[in-house]
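A quick write-up on the structure given underneath.
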Amino acid sequence: MSTPRGTTRHRLARAGLLATVFVCAACGLVYELALVALGSYLIGDTAGQASIVLGVMVFAMGLGALAAKPLQRKAARNFAVIELLLALLGGLSVLALYAAFAWLHIYTTAMVVLAVVLGGLIGAEIPLLMVMLQRIRKQAAGSAVADLFAADYVGALLGGLAFPFLLLPVFGQIRGALIVGALNAVAGLVLVFTIFRSDLGKRAKWGLGGIAVVVAVTLVGAYTYAGRFEVAAQQALYASPIVYSEQTRYQQIVITQTVNPFQPSDTRLYLNGDLQFASVDEYRYHEALVHPALAGDRAEVLVLGGGDGLALREILRYPDVEHVTLVELDPAMTDLAANHPTLVALNESSMSDPRVTVVNADAFSWLREREERYDAVIVDMPDPDETATAKLYSVEFYGLASRVLTDTGRMVVQAGSPYHAPKSFWCVATTVGHAGLRTTPYHVPVPSFGDWGFILAAKDTEPVPALDPGMPLRSLDTATLDAAQVFPPDQQPLTVSESTLMHPVILEYSQSEWTGY
């Protein structure tokens, strides 16, 4: 029987080991979430990326647990080695995958390989920790498993919450992963060099110390140069110089600018790598988006998306517009549109107009709570090539938008390219129709985008695109708008399914059609 002093020592040792399990579990989940988040930002398919990463890592964890069997004889030493490897590879994971995407074009292959390695190392932790726990004090297998998994699951909760609410907004993806890697290494080394130091021979201590120094120098160096690396990697993805870049809670915002003494300067906005506008021709897109919808009543206007303020600029050209509500998810985007000199010049300070109310909220959730009615609704959302945006192209979403539309009001939806992505375009038309609205499709050339289409919708009668005769436009007049409703033989309407929350076919169409461009 243990003495009271021995019992206290064992309890402290067990508490220390379980605390290490807690920290290691948090770190392991952060590595998983980092791979999922990076894939969703770079590739766009959140559901697909999450399925691949989690599936591969869980499979590899099983292999790692089996591979840990011969390592149990020297559990403490091998556990320390595994934690140092996890710290190094997990800490560098985001940086390495970003490099694979930007320069090597082998992102998916690199991600799967890294998920297998990280999953295997994480899977080897629990068997070794179980042996170490029993070294402190023998206990029934069921009780030991319960203790370990309780600490593991609670630690995973901490990691799951820390990643989106602390690491991403404060440190960003690259530095956040590096910090977690360092924490992972410290937790493993502290456990082994305090509670299990007697299990280590002199060579093992020096060997682990040497590896720890290498890992520490590598992580600190990567942290120091992370900013320069990110700038270089981002620039490799864009043809023009980057003048602004920010990773927000929701998306990556990048502004590029080309200055040519022989041509007009071209400013471009990208969200998660997707072009949102080019300043040399954005007026063609925004005139076609806004003015046909505002040919009728327009005292109260609702804009869903359009955080750059360019659609707002066109709306505010009408003096009889009394009030505009703009709903944009990302406050960083609306702040940028209101304060960045280049964007302010392009949107003509529309975000600061007293007739405008900016609401930073998820448009879907915001619409569910609305009782107001609007004469015109402008839906200017990013393309539906990500899971997060697919719901904004669903029957349910358009049904909510229809509910806030007056009986004589008009709604317009940017619907993508009827040439490059015909299934996606006609899916939007079909989906708006299934929400109970009558539709009229039209399309215009926007050089930076290509042939681009829109869906004009109304409640009772098929809307006829028209323009206010008192509003001169640069790219549209009555004749060109009439022609915009004509589709050539190779762009005739397709029979496609409507997109819903439970079956977002628009995501499948969009991701398959744009792969060649």
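Identifiers in the structure tokens: chain A, B, ... in order shown; residue index from 1 per chain; ligand index from 1 in order shown.
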In range 147-220 of chain A, DSSP alpha helix (DSSP H) residues written as a PDB file with N, CA and C atoms, in the first residue's frame:
ATOM      1  N   ASP A 147     -10.407   7.588 -17.920  1.00  0.00           N
ATOM      2  CA  ASP A 147      -9.655   8.785 -17.557  1.00  0.00           C
ATOM      3  C   ASP A 147      -8.981   9.413 -18.781  1.00  0.00           C
ATOM      4  N   LEU A 148      -8.313   8.566 -19.573  1.00  0.00           N
ATOM      5  CA  LEU A 148      -7.605   9.079 -20.739  1.00  0.00           C
ATOM      6  C   LEU A 148      -8.553   9.706 -21.752  1.00  0.00           C
ATOM      7  N   PHE A 149      -9.647   9.017 -22.045  1.00  0.00           N
ATOM      8  CA  PHE A 149     -10.543   9.531 -23.073  1.00  0.00           C
ATOM      9  C   PHE A 149     -11.332  10.742 -22.586  1.00  0.00           C
ATOM     10  N   ALA A 150     -11.598  10.822 -21.287  1.00  0.00           N
ATOM     11  CA  ALA A 150     -12.252  12.025 -20.764  1.00  0.00           C
ATOM     12  C   ALA A 150     -11.373  13.241 -20.980  1.00  0.00           C
ATOM     13  N   ALA A 151     -10.069  13.121 -20.635  1.00  0.00           N
ATOM     14  CA  ALA A 151      -9.139  14.228 -20.855  1.00  0.00           C
ATOM     15  C   ALA A 151      -8.989  14.519 -22.345  1.00  0.00           C
ATOM     16  N   ASP A 152      -8.959  13.469 -23.144  1.00  0.00           N
ATOM     17  CA  ASP A 152      -8.790  13.621 -24.592  1.00  0.00           C
ATOM     18  C   ASP A 152      -9.963  14.378 -25.202  1.00  0.00           C
ATOM     19  N   TYR A 153     -11.180  14.004 -24.847  1.00  0.00           N
ATOM     20  CA  TYR A 153     -12.352  14.626 -25.448  1.00  0.00           C
ATOM     21  C   TYR A 153     -12.519  16.073 -24.986  1.00  0.00           C
ATOM     22  N   VAL A 154     -12.250  16.339 -23.706  1.00  0.00           N
ATOM     23  CA  VAL A 154     -12.363  17.715 -23.220  1.00  0.00           C
ATOM     24  C   VAL A 154     -11.295  18.589 -23.876  1.00  0.00           C
ATOM     25  N   GLY A 155     -10.089  18.037 -24.049  1.00  0.00           N
ATOM     26  CA  GLY A 155      -9.046  18.775 -24.747  1.00  0.00           C
ATOM     27  C   GLY A 155      -9.423  19.077 -26.183  1.00  0.00           C
ATOM     28  N   ALA A 156     -10.066  18.122 -26.833  1.00  0.00           N
ATOM     29  CA  ALA A 156     -10.514  18.344 -28.207  1.00  0.00           C
ATOM     30  C   ALA A 156     -11.529  19.485 -28.279  1.00  0.00           C
ATOM     31  N   LEU A 157     -12.384  19.575 -27.252  1.00  0.00           N
ATOM     32  CA  LEU A 157     -13.345  20.685 -27.200  1.00  0.00           C
ATOM     33  C   LEU A 157     -12.609  22.023 -27.147  1.00  0.00           C
ATOM     34  N   LEU A 158     -11.578  22.094 -26.311  1.00  0.00           N
ATOM     35  CA  LEU A 158     -10.813  23.332 -26.213  1.00  0.00           C
ATOM     36  C   LEU A 158     -10.169  23.683 -27.557  1.00  0.00           C
ATOM     37  N   GLY A 159      -9.562  22.682 -28.211  1.00  0.00           N
ATOM     38  CA  GLY A 159      -8.956  22.933 -29.510  1.00  0.00           C
ATOM     39  C   GLY A 159      -9.970  23.383 -30.539  1.00  0.00           C
ATOM     40  N   GLY A 160     -11.155  22.743 -30.521  1.00  0.00           N
ATOM     41  CA  GLY A 160     -12.198  23.108 -31.473  1.00  0.00           C
ATOM     42  C   GLY A 160     -12.684  24.531 -31.307  1.00  0.00           C
ATOM     43  N   LEU A 161     -12.721  25.017 -30.070  1.00  0.00           N
ATOM     44  CA  LEU A 161     -13.162  26.390 -29.821  1.00  0.00           C
ATOM     45  C   LEU A 161     -12.037  27.397 -30.037  1.00  0.00           C
ATOM     46  N   ALA A 162     -10.815  27.002 -29.681  1.00  0.00           N
ATOM     47  CA  ALA A 162      -9.688  27.928 -29.789  1.00  0.00           C
ATOM     48  C   ALA A 162      -9.361  28.248 -31.238  1.00  0.00           C
ATOM     49  N   GLY A 172      -3.779  34.163 -37.282  1.00  0.00           N
ATOM     50  CA  GLY A 172      -3.847  33.698 -38.659  1.00  0.00           C
ATOM     51  C   GLY A 172      -3.515  32.217 -38.739  1.00  0.00           C
ATOM     52  N   GLN A 173      -3.700  31.637 -39.932  1.00  0.00           N
ATOM     53  CA  GLN A 173      -3.545  30.188 -40.071  1.00  0.00           C
ATOM     54  C   GLN A 173      -2.097  29.738 -39.893  1.00  0.00           C
ATOM     55  N   ILE A 174      -1.153  30.413 -40.538  1.00  0.00           N
ATOM     56  CA  ILE A 174       0.235  29.954 -40.502  1.00  0.00           C
ATOM     57  C   ILE A 174       0.812  30.077 -39.100  1.00  0.00           C
ATOM     58  N   ARG A 175       0.747  31.253 -38.512  1.00  0.00           N
ATOM     59  CA  ARG A 175       1.320  31.454 -37.182  1.00  0.00           C
ATOM     60  C   ARG A 175       0.530  30.706 -36.120  1.00  0.00           C
ATOM     61  N   GLY A 176      -0.777  30.572 -36.298  1.00  0.00           N
ATOM     62  CA  GLY A 176      -1.574  29.812 -35.337  1.00  0.00           C
ATOM     63  C   GLY A 176      -1.127  28.372 -35.255  1.00  0.00           C
ATOM     64  N   ALA A 177      -0.871  27.738 -36.405  1.00  0.00           N
ATOM     65  CA  ALA A 177      -0.400  26.356 -36.417  1.00  0.00           C
ATOM     66  C   ALA A 177       0.977  26.241 -35.782  1.00  0.00           C
ATOM     67  N   LEU A 178       1.849  27.213 -36.020  1.00  0.00           N
ATOM     68  CA  LEU A 178       3.188  27.184 -35.438  1.00  0.00           C
ATOM     69  C   LEU A 178       3.138  27.293 -33.915  1.00  0.00           C
ATOM     70  N   ILE A 179       2.253  28.134 -33.396  1.00  0.00           N
ATOM     71  CA  ILE A 179       2.105  28.274 -31.948  1.00  0.00           C
ATOM     72  C   ILE A 179       1.609  26.974 -31.330  1.00  0.00           C
ATOM     73  N   VAL A 180       0.651  26.334 -31.982  1.00  0.00           N
ATOM     74  CA  VAL A 180       0.136  25.062 -31.476  1.00  0.00           C
ATOM     75  C   VAL A 180       1.223  23.993 -31.521  1.00  0.00           C
ATOM     76  N   GLY A 181       2.040  23.985 -32.563  1.00  0.00           N
ATOM     77  CA  GLY A 181       3.150  23.046 -32.625  1.00  0.00           C
ATOM     78  C   GLY A 181       4.112  23.221 -31.467  1.00  0.00           C
ATOM     79  N   ALA A 182       4.441  24.462 -31.145  1.00  0.00           N
ATOM     80  CA  ALA A 182       5.333  24.727 -30.015  1.00  0.00           C
ATOM     81  C   ALA A 182       4.709  24.252 -28.703  1.00  0.00           C
ATOM     82  N   LEU A 183       3.414  24.506 -28.533  1.00  0.00           N
ATOM     83  CA  LEU A 183       2.727  24.055 -27.323  1.00  0.00           C
ATOM     84  C   LEU A 183       2.738  22.536 -27.219  1.00  0.00           C
ATOM     85  N   ASN A 184       2.550  21.877 -28.348  1.00  0.00           N
ATOM     86  CA  ASN A 184       2.576  20.420 -28.410  1.00  0.00           C
ATOM     87  C   ASN A 184       3.926  19.887 -27.928  1.00  0.00           C
ATOM     88  N   ALA A 185       5.012  20.477 -28.408  1.00  0.00           N
ATOM     89  CA  ALA A 185       6.351  20.035 -28.026  1.00  0.00           C
ATOM     90  C   ALA A 185       6.609  20.258 -26.544  1.00  0.00           C
ATOM     91  N   VAL A 186       6.236  21.420 -26.039  1.00  0.00           N
ATOM     92  CA  VAL A 186       6.456  21.732 -24.623  1.00  0.00           C
ATOM     93  C   VAL A 186       5.696  20.759 -23.728  1.00  0.00           C
ATOM     94  N   ALA A 187       4.429  20.484 -24.072  1.00  0.00           N
ATOM     95  CA  ALA A 187       3.627  19.573 -23.245  1.00  0.00           C
ATOM     96  C   ALA A 187       4.266  18.191 -23.171  1.00  0.00           C
ATOM     97  N   GLY A 188       4.693  17.648 -24.312  1.00  0.00           N
ATOM     98  CA  GLY A 188       5.314  16.317 -24.313  1.00  0.00           C
ATOM     99  C   GLY A 188       6.623  16.272 -23.563  1.00  0.00           C
ATOM    100  N   LEU A 189       7.472  17.278 -23.754  1.00  0.00           N
ATOM    101  CA  LEU A 189       8.783  17.282 -23.099  1.00  0.00           C
ATOM    102  C   LEU A 189       8.668  17.488 -21.593  1.00  0.00           C
ATOM    103  N   VAL A 190       7.773  18.376 -21.189  1.00  0.00           N
ATOM    104  CA  VAL A 190       7.602  18.602 -19.742  1.00  0.00           C
ATOM    105  C   VAL A 190       7.161  17.317 -19.049  1.00  0.00           C
ATOM    106  N   LEU A 191       6.230  16.589 -19.646  1.00  0.00           N
ATOM    107  CA  LEU A 191       5.768  15.335 -19.044  1.00  0.00           C
ATOM    108  C   LEU A 191       6.911  14.339 -18.916  1.00  0.00           C
ATOM    109  N   VAL A 192       7.649  14.137 -19.985  1.00  0.00           N
ATOM    110  CA  VAL A 192       8.687  13.112 -19.996  1.00  0.00           C
ATOM    111  C   VAL A 192       9.870  13.498 -19.113  1.00  0.00           C
ATOM    112  N   PHE A 193      10.280  14.750 -19.126  1.00  0.00           N
ATOM    113  CA  PHE A 193      11.469  15.162 -18.374  1.00  0.00           C
ATOM    114  C   PHE A 193      11.185  15.468 -16.907  1.00  0.00           C
ATOM    115  N   THR A 194       9.930  15.459 -16.496  1.00  0.00           N
ATOM    116  CA  THR A 194       9.617  15.638 -15.075  1.00  0.00           C
ATOM    117  C   THR A 194       9.155  14.328 -14.447  1.00  0.00           C
ATOM    118  N   LYS A 202      21.032   8.499 -20.406  1.00  0.00           N
ATOM    119  CA  LYS A 202      21.761   9.721 -20.708  1.00  0.00           C
ATOM    120  C   LYS A 202      21.710  10.036 -22.192  1.00  0.00           C
ATOM    121  N   ARG A 203      21.887   9.023 -23.038  1.00  0.00           N
ATOM    122  CA  ARG A 203      21.862   9.238 -24.480  1.00  0.00           C
ATOM    123  C   ARG A 203      20.480   9.701 -24.943  1.00  0.00           C
ATOM    124  N   ALA A 204      19.447   9.106 -24.336  1.00  0.00           N
ATOM    125  CA  ALA A 204      18.082   9.488 -24.711  1.00  0.00           C
ATOM    126  C   ALA A 204      17.809  10.940 -24.355  1.00  0.00           C
ATOM    127  N   LYS A 205      18.282  11.358 -23.167  1.00  0.00           N
ATOM    128  CA  LYS A 205      18.065  12.743 -22.749  1.00  0.00           C
ATOM    129  C   LYS A 205      18.756  13.720 -23.708  1.00  0.00           C
ATOM    130  N   TRP A 206      20.029  13.407 -24.036  1.00  0.00           N
ATOM    131  CA  TRP A 206      20.751  14.289 -24.952  1.00  0.00           C
ATOM    132  C   TRP A 206      20.133  14.264 -26.361  1.00  0.00           C
ATOM    133  N   GLY A 207      19.703  13.070 -26.773  1.00  0.00           N
ATOM    134  CA  GLY A 207      19.084  12.965 -28.094  1.00  0.00           C
ATOM    135  C   GLY A 207      17.798  13.755 -28.190  1.00  0.00           C
ATOM    136  N   LEU A 208      16.930  13.616 -27.169  1.00  0.00           N
ATOM    137  CA  LEU A 208      15.674  14.366 -27.165  1.00  0.00           C
ATOM    138  C   LEU A 208      15.936  15.861 -27.071  1.00  0.00           C
ATOM    139  N   GLY A 209      16.947  16.225 -26.282  1.00  0.00           N
ATOM    140  CA  GLY A 209      17.287  17.643 -26.173  1.00  0.00           C
ATOM    141  C   GLY A 209      17.731  18.215 -27.506  1.00  0.00           C
ATOM    142  N   GLY A 210      18.544  17.447 -28.224  1.00  0.00           N
ATOM    143  CA  GLY A 210      19.002  17.907 -29.529  1.00  0.00           C
ATOM    144  C   GLY A 210      17.867  18.058 -30.516  1.00  0.00           C
ATOM    145  N   ILE A 211      16.964  17.066 -30.545  1.00  0.00           N
ATOM    146  CA  ILE A 211      15.802  17.151 -31.445  1.00  0.00           C
ATOM    147  C   ILE A 211      14.927  18.345 -31.078  1.00  0.00           C
ATOM    148  N   ALA A 212      14.770  18.552 -29.762  1.00  0.00           N
ATOM    149  CA  ALA A 212      13.940  19.670 -29.304  1.00  0.00           C
ATOM    150  C   ALA A 212      14.511  21.004 -29.756  1.00  0.00           C
ATOM    151  N   VAL A 213      15.830  21.141 -29.728  1.00  0.00           N
ATOM    152  CA  VAL A 213      16.461  22.380 -30.170  1.00  0.00           C
ATOM    153  C   VAL A 213      16.199  22.607 -31.661  1.00  0.00           C
ATOM    154  N   VAL A 214      16.342  21.543 -32.447  1.00  0.00           N
ATOM    155  CA  VAL A 214      16.093  21.661 -33.880  1.00  0.00           C
ATOM    156  C   VAL A 214      14.644  22.073 -34.146  1.00  0.00           C
ATOM    157  N   VAL A 215      13.713  21.428 -33.448  1.00  0.00           N
ATOM    158  CA  VAL A 215      12.293  21.750 -33.624  1.00  0.00           C
ATOM    159  C   VAL A 215      12.021  23.193 -33.219  1.00  0.00           C
ATOM    160  N   ALA A 216      12.581  23.610 -32.093  1.00  0.00           N
ATOM    161  CA  ALA A 216      12.346  24.964 -31.606  1.00  0.00           C
ATOM    162  C   ALA A 216      12.885  26.001 -32.579  1.00  0.00           C
ATOM    163  N   VAL A 217      14.117  25.793 -33.055  1.00  0.00           N
ATOM    164  CA  VAL A 217      14.718  26.742 -33.994  1.00  0.00           C
ATOM    165  C   VAL A 217      13.892  26.809 -35.283  1.00  0.00           C
ATOM    166  N   THR A 218      13.437  25.658 -35.750  1.00  0.00           N
ATOM    167  CA  THR A 218      12.645  25.622 -36.985  1.00  0.00           C
ATOM    168  C   THR A 218      11.320  26.364 -36.822  1.00  0.00           C
ATOM    169  N   LEU A 219      10.620  26.114 -35.717  1.00  0.00           N
ATOM    170  CA  LEU A 219       9.327  26.751 -35.495  1.00  0.00           C
ATOM    171  C   LEU A 219       9.484  28.257 -35.283  1.00  0.00           C
ATOM    172  N   VAL A 220      10.485  28.657 -34.522  1.00  0.00           N
ATOM    173  CA  VAL A 220      10.704  30.083 -34.283  1.00  0.00           C
ATOM    174  C   VAL A 220      11.095  30.781 -35.595  1.00  0.00           C
TER     175      VAL A 220
END
Set the distance at 12 Å and use only C-alpha atoms: which residues neighbour range 260-267 of chain A once local chain neighbours fewer than 4 positions away are removed? I'd like the list as a PDB file with N, CA and C atoms, in the first residue's frame.
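So the final result, stored in selection34.pdb, reads:
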ATOM      1  N   ALA A 239      -1.593  37.721 -60.794  1.00  0.00           N
ATOM      2  CA  ALA A 239      -0.776  38.263 -61.876  1.00  0.00           C
ATOM      3  C   ALA A 239      -0.297  39.674 -61.583  1.00  0.00           C
ATOM      4  N   SER A 240      -1.073  40.443 -60.822  1.00  0.00           N
ATOM      5  CA  SER A 240      -0.739  41.840 -60.542  1.00  0.00           C
ATOM      6  C   SER A 240      -0.266  41.998 -59.098  1.00  0.00           C
ATOM      7  N   PRO A 241       0.462  43.070 -58.812  1.00  0.00           N
ATOM      8  CA  PRO A 241       0.960  43.286 -57.452  1.00  0.00           C
ATOM      9  C   PRO A 241      -0.169  43.406 -56.431  1.00  0.00           C
ATOM     10  N   ILE A 242       0.006  42.753 -55.293  1.00  0.00           N
ATOM     11  CA  ILE A 242      -0.960  42.832 -54.204  1.00  0.00           C
ATOM     12  C   ILE A 242      -0.727  44.118 -53.423  1.00  0.00           C
ATOM     13  N   VAL A 243      -1.780  44.916 -53.250  1.00  0.00           N
ATOM     14  CA  VAL A 243      -1.663  46.149 -52.479  1.00  0.00           C
ATOM     15  C   VAL A 243      -2.382  46.063 -51.144  1.00  0.00           C
ATOM     16  N   TYR A 244      -3.208  45.031 -50.981  1.00  0.00           N
ATOM     17  CA  TYR A 244      -3.900  44.841 -49.692  1.00  0.00           C
ATOM     18  C   TYR A 244      -4.252  43.371 -49.548  1.00  0.00           C
ATOM     19  N   VAL A 254      -8.216  40.101 -50.904  1.00  0.00           N
ATOM     20  CA  VAL A 254      -7.003  40.542 -51.583  1.00  0.00           C
ATOM     21  C   VAL A 254      -7.379  41.603 -52.613  1.00  0.00           C
ATOM     22  N   ILE A 255      -6.608  42.695 -52.626  1.00  0.00           N
ATOM     23  CA  ILE A 255      -6.759  43.720 -53.659  1.00  0.00           C
ATOM     24  C   ILE A 255      -5.448  43.805 -54.425  1.00  0.00           C
ATOM     25  N   THR A 256      -5.548  43.727 -55.748  1.00  0.00           N
ATOM     26  CA  THR A 256      -4.356  43.896 -56.596  1.00  0.00           C
ATOM     27  C   THR A 256      -4.530  45.155 -57.433  1.00  0.00           C
ATOM     28  N   LEU A 275     -12.238  36.268 -58.343  1.00  0.00           N
ATOM     29  CA  LEU A 275     -12.346  37.658 -58.767  1.00  0.00           C
ATOM     30  C   LEU A 275     -13.763  38.183 -58.525  1.00  0.00           C
ATOM     31  N   GLN A 276     -13.858  39.347 -57.864  1.00  0.00           N
ATOM     32  CA  GLN A 276     -15.149  39.981 -57.608  1.00  0.00           C
ATOM     33  C   GLN A 276     -15.410  41.148 -58.561  1.00  0.00           C
ATOM     34  N   PHE A 277     -14.369  41.900 -58.896  1.00  0.00           N
ATOM     35  CA  PHE A 277     -14.522  42.942 -59.900  1.00  0.00           C
ATOM     36  C   PHE A 277     -13.145  43.384 -60.386  1.00  0.00           C
ATOM     37  N   ALA A 278     -13.134  43.947 -61.583  1.00  0.00           N
ATOM     38  CA  ALA A 278     -11.976  44.645 -62.127  1.00  0.00           C
ATOM     39  C   ALA A 278     -12.428  46.065 -62.414  1.00  0.00           C
ATOM     40  N   SER A 279     -11.666  47.033 -61.929  1.00  0.00           N
ATOM     41  CA  SER A 279     -12.133  48.419 -62.003  1.00  0.00           C
ATOM     42  C   SER A 279     -12.311  48.917 -63.436  1.00  0.00           C
ATOM     43  N   VAL A 280     -11.606  48.310 -64.387  1.00  0.00           N
ATOM     44  CA  VAL A 280     -11.707  48.792 -65.770  1.00  0.00           C
ATOM     45  C   VAL A 280     -13.060  48.492 -66.410  1.00  0.00           C
ATOM     46  N   ASP A 281     -13.773  47.486 -65.901  1.00  0.00           N
ATOM     47  CA  ASP A 281     -15.052  47.146 -66.533  1.00  0.00           C
ATOM     48  C   ASP A 281     -16.162  46.790 -65.547  1.00  0.00           C
ATOM     49  N   GLU A 282     -15.959  47.053 -64.254  1.00  0.00           N
ATOM     50  CA  GLU A 282     -16.984  46.659 -63.279  1.00  0.00           C
ATOM     51  C   GLU A 282     -18.298  47.381 -63.516  1.00  0.00           C
ATOM     52  N   PRO A 341      -8.974  53.984 -49.638  1.00  0.00           N
ATOM     53  CA  PRO A 341      -9.092  55.093 -50.603  1.00  0.00           C
ATOM     54  C   PRO A 341      -9.470  54.659 -52.017  1.00  0.00           C
ATOM     55  N   THR A 342      -8.880  53.560 -52.477  1.00  0.00           N
ATOM     56  CA  THR A 342      -9.181  53.116 -53.842  1.00  0.00           C
ATOM     57  C   THR A 342     -10.629  52.667 -53.969  1.00  0.00           C
ATOM     58  N   LEU A 343     -11.123  51.901 -52.992  1.00  0.00           N
ATOM     59  CA  LEU A 343     -12.508  51.432 -53.037  1.00  0.00           C
ATOM     60  C   LEU A 343     -13.485  52.592 -52.852  1.00  0.00           C
ATOM     61  N   ALA A 345     -13.030  55.616 -53.771  1.00  0.00           N
ATOM     62  CA  ALA A 345     -13.089  56.334 -55.045  1.00  0.00           C
ATOM     63  C   ALA A 345     -13.957  55.597 -56.060  1.00  0.00           C
ATOM     64  N   LEU A 346     -13.855  54.275 -56.084  1.00  0.00           N
ATOM     65  CA  LEU A 346     -14.644  53.488 -57.033  1.00  0.00           C
ATOM     66  C   LEU A 346     -16.128  53.499 -56.684  1.00  0.00           C
ATOM     67  N   SER A 448     -13.654  41.153 -68.079  1.00  0.00           N
ATOM     68  CA  SER A 448     -12.859  40.457 -67.057  1.00  0.00           C
ATOM     69  C   SER A 448     -13.519  39.166 -66.593  1.00  0.00           C
TER      70      SER A 448
END
TODO: Would you list the contacts of range 391-394 of chain A as a list in words, taking every protein, DNA or RNA residue within 7 Å and counting only C-alpha atoms, but skipping same-chain residues closer than 2 positions in sequence?
DONE: Phe364, Pro384, Ala388, Thr389, Glu396, Phe397, Tyr398, Val428, Thr431, Ser499, Thr500 and Leu501 of chain A
Go ahead and write the selection's residues with C-alpha atoms as a PDB file, in the first residue's frame.
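Writing done, so here's part_22.pdb:
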ATOM      1  CA  PHE A 364     -30.157  33.820 -44.800  1.00  0.00           C
ATOM      2  CA  PRO A 384     -21.766  29.262 -55.371  1.00  0.00           C
ATOM      3  CA  ALA A 388     -20.982  28.287 -47.363  1.00  0.00           C
ATOM      4  CA  THR A 389     -22.342  30.196 -50.367  1.00  0.00           C
ATOM      5  CA  GLU A 396     -35.313  28.339 -49.409  1.00  0.00           C
ATOM      6  CA  PHE A 397     -33.171  31.475 -49.663  1.00  0.00           C
ATOM      7  CA  TYR A 398     -35.038  32.873 -52.652  1.00  0.00           C
ATOM      8  CA  VAL A 428     -30.263  29.639 -60.630  1.00  0.00           C
ATOM      9  CA  THR A 431     -34.323  27.633 -58.424  1.00  0.00           C
ATOM     10  CA  SER A 499     -30.935  23.707 -55.705  1.00  0.00           C
ATOM     11  CA  THR A 500     -32.107  23.280 -52.109  1.00  0.00           C
ATOM     12  CA  LEU A 501     -30.509  23.272 -48.679  1.00  0.00           C
TER      13      LEU A 501
END
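Among A:Val290, A:Trp103, A:Val131, A:Pro164, the residue with the shortest atom-to-atom distance to Phe229 in chain A, counting only C-alpha atoms, is A:Trp103.
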- [ ] Would you list the contacts of Gly123 in chain A as a PyMOL selection string, taking every protein, DNA or RNA residue within 8 Å and counting only C-alpha atoms, but skipping same-chain residues closer than 6 positions in sequence?
- [x] chain A and resi 60-65
Only N, CA and C atoms, please: the residues just picked out, written as a PDB file, in the first residue's frame.
ATOM      1  N   ALA A  60      -5.775   6.903 -40.439  1.00  0.00           N
ATOM      2  CA  ALA A  60      -4.357   6.867 -40.087  1.00  0.00           C
ATOM      3  C   ALA A  60      -4.158   6.741 -38.583  1.00  0.00           C
ATOM      4  N   MET A  61      -5.074   7.290 -37.803  1.00  0.00           N
ATOM      5  CA  MET A  61      -4.970   7.153 -36.339  1.00  0.00           C
ATOM      6  C   MET A  61      -5.067   5.680 -35.928  1.00  0.00           C
ATOM      7  N   GLY A  62      -5.922   4.943 -36.610  1.00  0.00           N
ATOM      8  CA  GLY A  62      -6.005   3.511 -36.327  1.00  0.00           C
ATOM      9  C   GLY A  62      -4.707   2.801 -36.660  1.00  0.00           C
ATOM     10  N   LEU A  63      -4.113   3.155 -37.795  1.00  0.00           N
ATOM     11  CA  LEU A  63      -2.824   2.559 -38.149  1.00  0.00           C
ATOM     12  C   LEU A  63      -1.743   2.953 -37.155  1.00  0.00           C
ATOM     13  N   GLY A  64      -1.782   4.199 -36.705  1.00  0.00           N
ATOM     14  CA  GLY A  64      -0.798   4.659 -35.737  1.00  0.00           C
ATOM     15  C   GLY A  64      -0.902   3.932 -34.414  1.00  0.00           C
ATOM     16  N   ALA A  65      -2.134   3.653 -33.991  1.00  0.00           N
ATOM     17  CA  ALA A  65      -2.323   2.914 -32.738  1.00  0.00           C
ATOM     18  C   ALA A  65      -1.727   1.511 -32.839  1.00  0.00           C
TER      19      ALA A  65
END
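Put simply, CA of Ile136 in chain A is 19.9 Å away from CA of Glu83 in chain A.
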- [ ] For Val356 in chain A, work out the shell of residues within 8 Å, counting only C-alpha atoms and skipping chain neighbours fewer than 5 positions away, then give it as a ChimeraX atom specification.
- [x] /A:323-326,350-351
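If only C-alpha atoms are the atoms counted, then among A:Pro319, A:Gly16, A:Gly416, A:Pro169 the closest residue to Pro382 in chain A is A:Gly416.
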Task: Filtered DSSP result for range 358-476 of chain A, state strand (DSSP E or B), as a PyMOL selection string - done: chain A and resi 358-360+374-380+405-416+438-446+450-458
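Among the candidate residues A:Leu42, A:Ala76, A:Ala299, A:Leu166, the one lying nearest to His105 in chain A is A:Leu42, with distances computed using only C-alpha atoms.
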Open item on the list: Report, in Å to a single decimal, how far apart CA of Gly309 in chain A and CA of Leu269 in chain A are.
Closed with: 12.1 Å
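In this comparison, which uses only C-alpha atoms, the residue of A:Ala37, A:Ala295, A:Val56, A:Ile82 approaching Gly470 in chain A most closely is A:Ala295.
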Task: Length of the CA of Gln234 in chain A to CA of Gly119 in chain A vector [Å] - done: 28.1 Å
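Nearest residue to Tyr419 in chain A among A:Ser349, A:Thr387, A:Ser475, A:Gln492 is A:Gln492, counting only C-alpha atoms.
Residues surrounding Tyr285 in chain A within 8 Å are Asp281, Glu282, Ala288, Leu289, Val444, Val446 and Trp452 of chain A [only C-alpha atoms; sequence separation below 3 positions excluded].
Nearest residue to Trp366 in chain A, choosing from A:Leu304, A:Glu287, A:Ala338, A:Thr224 and counting only C-alpha atoms: A:Leu304.
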Open item on the list: Need to verify the contact set: Lys459 in chain A, 10 Å, only C-alpha atoms, exclusion of same-chain residues closer than 3 positions in sequence. Can you return it as a VMD selection string?
Closed with: chain A and resid 402 to 403 405 to 411 433 435 to 439 462 to 463
